[in-house]
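Data file: coords.pdb. Format and content: PDB, C-alpha atoms.
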MODEL        1
ATOM      1  CA  MET K 268      -3.531 -50.382 -17.885  1.00  0.00           C
ATOM      2  CA  ILE K 269      -2.948 -52.732 -20.813  1.00  0.00           C
ATOM      3  CA  LYS K 270      -1.895 -56.173 -19.627  1.00  0.00           C
ATOM      4  CA  GLY K 271      -1.504 -57.722 -23.074  1.00  0.00           C
ATOM      5  CA  MET K 272      -2.698 -58.247 -26.595  1.00  0.00           C
ATOM      6  CA  CYS K 273      -4.092 -61.342 -28.316  1.00  0.00           C
ATOM      7  CA  LEU K 274      -4.826 -62.347 -31.879  1.00  0.00           C
ATOM      8  CA  ALA K 275      -7.726 -64.792 -31.994  1.00  0.00           C
ATOM      9  CA  GLU K 276      -9.090 -66.408 -35.111  1.00  0.00           C
ATOM     10  CA  PHE K 277     -11.682 -68.917 -36.152  1.00  0.00           C
ATOM     11  CA  HIS K 278      -9.921 -72.082 -37.249  1.00  0.00           C
ATOM     12  CA  PRO K 279     -11.995 -74.035 -39.809  1.00  0.00           C
ATOM     13  CA  THR K 280     -11.814 -77.306 -37.859  1.00  0.00           C
ATOM     14  CA  ALA K 281     -10.742 -76.354 -34.306  1.00  0.00           C
ATOM     15  CA  GLY K 282     -13.066 -73.354 -33.899  1.00  0.00           C
ATOM     16  CA  PRO K 283     -12.086 -70.182 -31.997  1.00  0.00           C
ATOM     17  CA  LYS K 284      -8.474 -70.141 -30.835  1.00  0.00           C
ATOM     18  CA  ILE K 285      -5.785 -67.746 -29.721  1.00  0.00           C
ATOM     19  CA  LYS K 286      -3.145 -67.659 -32.427  1.00  0.00           C
ATOM     20  CA  TYR K 287      -0.699 -65.282 -30.692  1.00  0.00           C
ATOM     21  CA  GLN K 288      -0.551 -63.327 -27.470  1.00  0.00           C
ATOM     22  CA  ILE K 289       1.831 -60.963 -25.732  1.00  0.00           C
ATOM     23  CA  PRO K 290       2.787 -61.729 -23.009  1.00  0.00           C
ATOM     24  CA  GLU K 291       2.270 -65.476 -23.085  1.00  0.00           C
ATOM     25  CA  GLU K 292      -0.665 -66.684 -21.005  1.00  0.00           C
ATOM     26  CA  VAL K 293      -2.244 -63.239 -20.581  1.00  0.00           C
ATOM     27  CA  PHE K 294      -5.415 -64.928 -21.791  1.00  0.00           C
ATOM     28  CA  SER K 295      -6.034 -68.661 -21.377  1.00  0.00           C
ATOM     29  CA  LYS K 296      -7.896 -71.105 -23.579  1.00  0.00           C
ATOM     30  CA  GLU K 297     -10.474 -71.394 -20.796  1.00  0.00           C
ATOM     31  CA  ASP K 298     -10.934 -67.598 -20.832  1.00  0.00           C
ATOM     32  CA  LEU K 299     -11.497 -67.681 -24.597  1.00  0.00           C
ATOM     33  CA  ASP K 300     -13.918 -70.602 -24.279  1.00  0.00           C
ATOM     34  CA  ALA K 301     -15.968 -68.567 -21.794  1.00  0.00           C
ATOM     35  CA  ILE K 302     -16.321 -65.453 -23.984  1.00  0.00           C
ATOM     36  CA  HIS K 303     -15.605 -66.546 -27.569  1.00  0.00           C
ATOM     37  CA  PRO K 304     -19.018 -65.448 -28.917  1.00  0.00           C
ATOM     38  CA  TYR K 305     -17.881 -61.864 -28.212  1.00  0.00           C
ATOM     39  CA  ILE K 306     -14.343 -62.307 -29.559  1.00  0.00           C
ATOM     40  CA  ILE K 307     -15.000 -64.405 -32.674  1.00  0.00           C
ATOM     41  CA  THR K 308     -18.454 -63.119 -33.491  1.00  0.00           C
ATOM     42  CA  LYS K 309     -21.316 -63.704 -35.836  1.00  0.00           C
ATOM     43  CA  PRO K 310     -21.554 -61.342 -38.841  1.00  0.00           C
ATOM     44  CA  ASP K 311     -23.989 -58.951 -37.137  1.00  0.00           C
ATOM     45  CA  LEU K 312     -21.242 -57.841 -34.691  1.00  0.00           C
ATOM     46  CA  LYS K 313     -18.371 -57.586 -37.168  1.00  0.00           C
ATOM     47  CA  GLU K 314     -16.364 -54.365 -37.149  1.00  0.00           C
ATOM     48  CA  ARG K 315     -18.079 -53.143 -33.973  1.00  0.00           C
ATOM     49  CA  LEU K 316     -16.197 -52.323 -30.821  1.00  0.00           C
ATOM     50  CA  ILE K 317     -16.849 -54.850 -28.095  1.00  0.00           C
ATOM     51  CA  THR K 318     -15.788 -54.310 -24.497  1.00  0.00           C
ATOM     52  CA  LEU K 319     -16.231 -57.008 -21.869  1.00  0.00           C
ATOM     53  CA  ASN K 320     -15.522 -56.822 -18.168  1.00  0.00           C
ATOM     54  CA  THR K 321     -15.296 -60.439 -17.088  1.00  0.00           C
ATOM     55  CA  LEU K 322     -13.012 -62.989 -15.481  1.00  0.00           C
ATOM     56  CA  GLY K 323     -11.244 -60.200 -13.569  1.00  0.00           C
ATOM     57  CA  LYS K 324     -10.132 -58.575 -16.825  1.00  0.00           C
ATOM     58  CA  LYS K 325     -11.420 -56.043 -19.302  1.00  0.00           C
ATOM     59  CA  VAL K 326     -11.212 -56.974 -22.975  1.00  0.00           C
ATOM     60  CA  ILE K 327     -11.649 -54.601 -25.901  1.00  0.00           C
ATOM     61  CA  GLY K 328     -11.615 -55.671 -29.532  1.00  0.00           C
ATOM     62  CA  CYS K 329     -13.166 -55.193 -32.929  1.00  0.00           C
ATOM     63  CA  PRO K 330     -13.941 -58.500 -34.684  1.00  0.00           C
ATOM     64  CA  VAL K 331     -13.275 -58.705 -38.429  1.00  0.00           C
ATOM     65  CA  ILE K 332     -14.810 -61.040 -40.983  1.00  0.00           C
ATOM     66  CA  ILE K 333     -13.388 -61.128 -44.507  1.00  0.00           C
ATOM     67  CA  GLU K 334     -15.627 -63.060 -46.849  1.00  0.00           C
ATOM     68  CA  ASN K 335     -13.856 -64.664 -49.784  1.00  0.00           C
ATOM     69  CA  PRO K 336     -14.020 -68.138 -51.351  1.00  0.00           C
ATOM     70  CA  LYS K 337     -10.215 -68.470 -51.029  1.00  0.00           C
ATOM     71  CA  TYR K 338     -10.636 -69.083 -47.272  1.00  0.00           C
ATOM     72  CA  ALA K 339     -11.879 -72.288 -45.694  1.00  0.00           C
ATOM     73  CA  ARG K 340     -15.591 -71.835 -44.999  1.00  0.00           C
ATOM     74  CA  ASN K 341     -15.436 -68.823 -47.354  1.00  0.00           C
ATOM     75  CA  ALA K 342     -14.390 -66.399 -44.607  1.00  0.00           C
ATOM     76  CA  TYR K 343     -11.460 -65.416 -42.416  1.00  0.00           C
ATOM     77  CA  ILE K 344     -12.597 -64.332 -38.948  1.00  0.00           C
ATOM     78  CA  PHE K 345     -10.163 -62.721 -36.529  1.00  0.00           C
ATOM     79  CA  ASN K 346      -9.894 -60.245 -33.681  1.00  0.00           C
ATOM     80  CA  LEU K 347      -6.800 -58.496 -32.364  1.00  0.00           C
ATOM     81  CA  PHE K 348      -7.944 -57.561 -28.871  1.00  0.00           C
ATOM     82  CA  PHE K 349      -6.414 -55.927 -25.836  1.00  0.00           C
ATOM     83  CA  VAL K 350      -6.567 -57.349 -22.314  1.00  0.00           C
ATOM     84  CA  MET K 351      -6.586 -54.793 -19.499  1.00  0.00           C
ATOM     85  CA  ASP K 352      -7.076 -54.497 -15.772  1.00  0.00           C
ATOM     86  CA  SER K 353     -10.773 -54.723 -14.968  1.00  0.00           C
ATOM     87  CA  LYS K 354     -10.891 -51.115 -13.734  1.00  0.00           C
ATOM     88  CA  THR K 355      -9.249 -49.592 -16.819  1.00  0.00           C
ATOM     89  CA  GLU K 356     -11.240 -46.887 -18.607  1.00  0.00           C
ATOM     90  CA  THR K 357     -11.213 -48.064 -22.231  1.00  0.00           C
ATOM     91  CA  THR K 358     -12.780 -45.124 -24.081  1.00  0.00           C
ATOM     92  CA  LYS K 359      -9.354 -43.654 -24.893  1.00  0.00           C
ATOM     93  CA  TYR K 360      -8.350 -46.956 -26.524  1.00  0.00           C
ATOM     94  CA  GLU K 361     -11.460 -47.347 -28.685  1.00  0.00           C
ATOM     95  CA  PRO K 362     -10.257 -45.306 -31.706  1.00  0.00           C
ATOM     96  CA  VAL K 363      -6.946 -47.200 -31.726  1.00  0.00           C
ATOM     97  CA  VAL K 364      -8.637 -50.603 -31.575  1.00  0.00           C
ATOM     98  CA  LYS K 365     -11.075 -49.672 -34.349  1.00  0.00           C
ATOM     99  CA  LYS K 366      -8.310 -48.264 -36.579  1.00  0.00           C
ATOM    100  CA  LEU K 367      -6.061 -51.272 -35.989  1.00  0.00           C
ATOM    101  CA  ALA K 368      -8.872 -53.645 -36.983  1.00  0.00           C
ATOM    102  CA  SER K 369      -9.418 -51.628 -40.163  1.00  0.00           C
ATOM    103  CA  TYR K 370      -5.698 -51.661 -41.028  1.00  0.00           C
ATOM    104  CA  LEU K 371      -5.403 -55.396 -40.429  1.00  0.00           C
ATOM    105  CA  LYS K 372      -8.430 -56.047 -42.621  1.00  0.00           C
ATOM    106  CA  GLN K 373      -6.873 -54.000 -45.444  1.00  0.00           C
ATOM    107  CA  ILE K 374      -3.522 -55.771 -45.032  1.00  0.00           C
ATOM    108  CA  GLU K 375      -5.117 -59.220 -45.092  1.00  0.00           C
ATOM    109  CA  LYS K 376      -7.226 -58.389 -48.155  1.00  0.00           C
ATOM    110  CA  LYS K 377      -4.216 -57.016 -50.030  1.00  0.00           C
ATOM    111  CA  GLU K 378      -1.330 -59.170 -48.805  1.00  0.00           C
ATOM    112  CA  ASN K 379      -2.954 -62.258 -47.242  1.00  0.00           C
ATOM    113  CA  GLN K 380      -0.304 -61.976 -44.566  1.00  0.00           C
ATOM    114  CA  ILE K 381      -1.590 -60.443 -41.321  1.00  0.00           C
ATOM    115  CA  ILE K 382       0.737 -62.595 -39.237  1.00  0.00           C
ATOM    116  CA  LEU K 383       3.872 -61.691 -41.195  1.00  0.00           C
ATOM    117  CA  VAL K 384       3.052 -57.980 -41.088  1.00  0.00           C
ATOM    118  CA  LEU K 385       2.433 -58.031 -37.325  1.00  0.00           C
ATOM    119  CA  LYS K 386       5.720 -59.871 -36.801  1.00  0.00           C
ATOM    120  CA  SER K 387       7.639 -57.395 -38.955  1.00  0.00           C
ATOM    121  CA  LEU K 388       6.215 -54.523 -36.884  1.00  0.00           C
ATOM    122  CA  GLY K 389       7.328 -56.195 -33.677  1.00  0.00           C
ATOM    123  CA  PHE K 390       3.852 -57.018 -32.362  1.00  0.00           C
ATOM    124  CA  LEU K 391       4.384 -60.775 -32.543  1.00  0.00           C
ATOM    125  CA  PHE K 392       7.479 -62.855 -31.900  1.00  0.00           C
TER     126      PHE K 392
ENDMDL
END

I need this file expressed as structure tokens, please.
Amino acid sequence: MIKGMCLAEFHPTAGPKIKYQIPEEVFSKEDLDAIHPYIITKPDLKERLITLNTLGKKVIGCPVIIENPKYARNAYIFNLFFVMDSKTETTKYEPVVKKLASYLKQIEKKENQIILVLKSLGFLF
């Protein structure tokens, strides 16, 4: 069962951080610190599904890297990932996670406004 959803990004000075999450505190800063290499990844893992079963939770996401000189450090790195019970079978969620990552990448490239679009759709408050 899905427990929540988080949007993490790489901040140019603060490093990996959770920008938004529903519900609040579904995923702590300490949790992110423990697994951030799999959430905010290096380029060789971009746009690949990643599922982790750790910290009593299962996490599934698809990291995105948009390279463009308009961003600090010439790239915007983010991951909208789902947090689930550790026993949840995630294969049925994989196509949704992959498609959502693709849509968000297209929206950011076209509109530069992932956050505003997610808020308008009711994903973020």

**OP:** For the structure shown, which residues end up in the PyMOL selection byres ((chain K and resi 321-329) around 7)? Put them as a PyMOL selection string, please?
**Re:** chain K and resi 314-320+330-331+346-353+364-365+368

**OP:** Pull out every residue that the PyMOL selection byres ((chain K and resi 293-297) around 9) matches in the shown coordinates and put them as a list in words.
**Re:** Lys270, Gly271, Met272, Cys273, Lys284, Ile285, Gln288, Ile289, Pro290, Glu291, Glu292, Asp298, Leu299, Asp300, Ala301, Ile302 and Val350 of chain K

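Minimum atom-to-atom distances from K:Lys372, K:Gln380, K:Lys366, K:Gly282 to K:Ile332 were compared using all atoms listed in the file, and the lowest value belongs to K:Lys372.
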
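Rounded to one decimal, atom CA of K:Glu334 and atom CA of K:Tyr360 lie 26.9 Å from each other.
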
**OP:** Take atom CA of K:Ile269 and atom CA of K:Lys309 and report the distance between them in Å, one decimal.
**Re:** 26.1 Å

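Picture a line from atom CA of K:Asn341 to atom CA of K:Ile307; it runs 15.3 Å.
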
Subject >> K:Arg340, K:Pro310, K:Thr357, K:Ile381 ranked by distance to K:Ala275, top pick (using only C-alpha atoms) >> reply: K:Ile381

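The shortest atom-to-atom distance to K:Lys286, with all atoms listed in the file taken into account, belongs to K:Phe345 out of K:Lys359, K:Leu312, K:Ala339, K:Phe345.
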
**OP:** Can you work out which one of K:Asp311, K:Glu356, K:Ile333, K:Lys377 has the shortest atom-to-atom distance to K:Phe277, counting only C-alpha atoms?
**Re:** K:Ile333

Around all listed atoms of stretch 314-327 of chain K, padded 3 Å per side, what centre and edge lengths does the axis-aligned box have in Å to one decimal, as AutoDock Vina command-line options?
--center_x -14.1 --center_y -57.7 --center_z -25.4 --size_x 13.9 --size_y 16.7 --size_z 29.6
